[in-house]
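Peer 1: One structure is given below, represented as structure tokens, and several questions about it will come after.
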Amino acid sequence: MKVIKEKHPLAMRWTHWVNFPILTIMIWSGMLIYWANDEYKITLFGHTFFSFFPDWFYNALRIPHRLSEGMAFHFLFMWFFTLNGILYVLYTIISGEWRELVPKKNSFKEAWLVLLHDLHIRKMAPPQNKYNAAQRIAYTAIIIMGMGSVITGLAIYKPVQFYYLTWLCGGYHFARILHFALTIGYVLFFVIHVVQVILAGWNNFRSVISGFEVINDEPKPVIEITPPSDEKNIQ
């Protein structure tokens, strides 16, 4: 028998879907800014062996000469990104949802078993509640990454006014490296997240939109107990 079960509260769904376009704009505008000082590459004896974003990449996406546009969008939407993240964290703490998100003592071991199951190497997946061990680690990590992006972003946005954040991040240049690495992490997380959603199927995706999922609830078998016969009544 199929049963409709509540899975994701409205507040978590709202912050999840609002964060997607905001983060997309942040990454896009960040690329427009990064073009003006594209310094992360591997160079030896004047020859560049590896560059994160070659010229054809910039030209294909029409990124060059849009620095001011990128700064305007980035510095505006960073406040929406921060506010949405604060609301999400506050809700998980107040509602108690953090208990379903924070990794447990054996989550890292179980996450390895989840990976083997996803790769079809292991038949049985480890038991889970709302989220499995790999999801707990990933969703907690993305919150920490968001905090890191805000801190490093402020450190390179206003290095004089927020000099203590810049110092905490190891200086302006190292804060910029951390900010860049976190952005790469978002992209990798997004790709893996989309693949996992596709593998999980429509029922899981629907629950993120509506908040409910359809599960098969098999009725428990009824065991009849026959009372002992009264031997006195037997002639």
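Ordering of the structure tokens sets the chain letters (A, B, ...); residue numbers start at 1 within each chain; ligands are numbered from 1 in the order shown.
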Which residues are close to segment 150-157 of chain A, i.e. within 12 Å by only C-alpha atoms, leaving aside same-chain residues fewer than 2 positions away? Reply as number ranges by chain.
Peer 2: A: 26, 30, 33, 71, 74-75, 77-86, 143-148, 159-183
Peer 1: Out of segment 71-217 of chain A, which residues get alpha helix (DSSP H) from DSSP, as a PyMOL selection string?
Peer 2: chain A and resi 71-95+98-101+107-118+133-157+163-168+172-200+202-210
Peer 1: For atom CA of Leu116 of chain A and atom CA of Ala134 of chain A, determine how far apart the two atoms are, in Å to one decimal place.
Peer 2: 11.2 Å
Peer 1: Considering only C-alpha atoms, can you say which of A:Tyr40, A:Ile215, A:Ala72, A:Leu115 comes closest to Asn203 of chain A?
Peer 2: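 The shortest atom-to-atom distance to Asn203 of chain A comes from A:Ile215.
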Peer 1: For a quick check of understanding, using only C-alpha atoms, which of A:Ala141, A:Val3, A:Ile209, A:Leu23 has the smallest distance to Phe73 of chain A?
Peer 2: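 Looking at the shortest contact to Phe73 of chain A, the residue is A:Leu23.
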Peer 1: Which residue is closest to Lys130 of chain A? Choose from A:Lys158, A:Val191, A:Asn204, A:Thr48 and count only C-alpha atoms.
Peer 2: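 Smallest distance to Lys130 of chain A is found for A:Asn204.
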Peer 1: Using only C-alpha atoms, pick whichever of A:Arg62, A:Asp118, A:Val102, A:Pro21 has the shortest atom-to-atom distance to Val195 of chain A.
Peer 2: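 Selected residue with least distance to Val195 of chain A: A:Asp118.
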Peer 1: For each of A:Ala125, A:Asp38, A:Trp14, A:Ala133, take the minimum atom-to-atom distance to Lys105 of chain A, counting only C-alpha atoms, then give the residue where this is smallest.
Peer 2: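 Nearest to Lys105 of chain A: A:Ala133.
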Peer 1: Which residues are near Pro54 of chain A? Cut-off 12 Å, only C-alpha atoms, ignore same chain within fewer than 3 positions. Put them as a ChimeraX atom specification.
Peer 2: /A:35,38-41,48-51,57-61,63-64
Peer 1: One number please: atom CA of Gly211 of chain A to atom CA of Trp17 of chain A, in Å, one decimal.
Peer 2: 12.4 Å
Peer 1: List as an mmCIF file with N, CA, C and O atoms, in the first residue's frame the protein and nucleic acid residues near Leu199 of chain A, meaning an atom at most 12 Å away when only C-alpha atoms are counted, but skip any in the same chain fewer than 6 places from it.
Peer 2:
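Written output follows (out-v3.cif):
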```cif
data_model
loop_
_atom_site.group_PDB
_atom_site.id
_atom_site.type_symbol
_atom_site.label_atom_id
_atom_site.label_comp_id
_atom_site.auth_asym_id
_atom_site.auth_seq_id
_atom_site.Cartn_x
_atom_site.Cartn_y
_atom_site.Cartn_z
ATOM 1 N N HIS A 117 27.923 1.140 -2.833
ATOM 2 C CA HIS A 117 26.577 0.775 -3.294
ATOM 3 C C HIS A 117 26.198 1.563 -4.540
ATOM 4 O O HIS A 117 25.608 1.014 -5.487
ATOM 5 N N ASP A 118 26.526 2.869 -4.576
ATOM 6 C CA ASP A 118 26.213 3.694 -5.739
ATOM 7 C C ASP A 118 26.985 3.248 -6.979
ATOM 8 O O ASP A 118 26.508 3.401 -8.109
ATOM 9 N N LEU A 119 28.175 2.687 -6.756
ATOM 10 C CA LEU A 119 28.987 2.187 -7.871
ATOM 11 C C LEU A 119 28.631 0.752 -8.236
ATOM 12 O O LEU A 119 29.294 0.153 -9.082
ATOM 13 N N HIS A 120 27.590 0.213 -7.590
ATOM 14 C CA HIS A 120 27.117 -1.153 -7.835
ATOM 15 C C HIS A 120 28.175 -2.204 -7.506
ATOM 16 O O HIS A 120 28.209 -3.280 -8.108
ATOM 17 N N ILE A 192 27.918 16.492 -8.816
ATOM 18 C CA ILE A 192 27.655 15.237 -8.107
ATOM 19 C C ILE A 192 26.223 15.216 -7.582
ATOM 20 O O ILE A 192 25.543 14.180 -7.636
ATOM 21 N N HIS A 193 25.756 16.342 -7.104
ATOM 22 C CA HIS A 193 24.403 16.434 -6.551
ATOM 23 C C HIS A 193 23.352 16.130 -7.619
ATOM 24 O O HIS A 193 22.394 15.390 -7.371
ATOM 25 N N PHE A 205 13.091 13.532 -6.072
ATOM 26 C CA PHE A 205 13.079 14.907 -6.580
ATOM 27 C C PHE A 205 11.753 15.593 -6.255
ATOM 28 O O PHE A 205 11.723 16.780 -5.906
#
```
Peer 1: Tell me, as a count of residues only, which residues lie within 9 Å of segment 87-90 of chain A, counting only C-alpha atoms; anything in the same chain fewer than 5 positions away does not count.
Peer 2: 8
Peer 1: Among the residues of chain A, find those DSSP assigns to strand (DSSP E) from the backbone and print them as a count of residues only.
Peer 2: 19
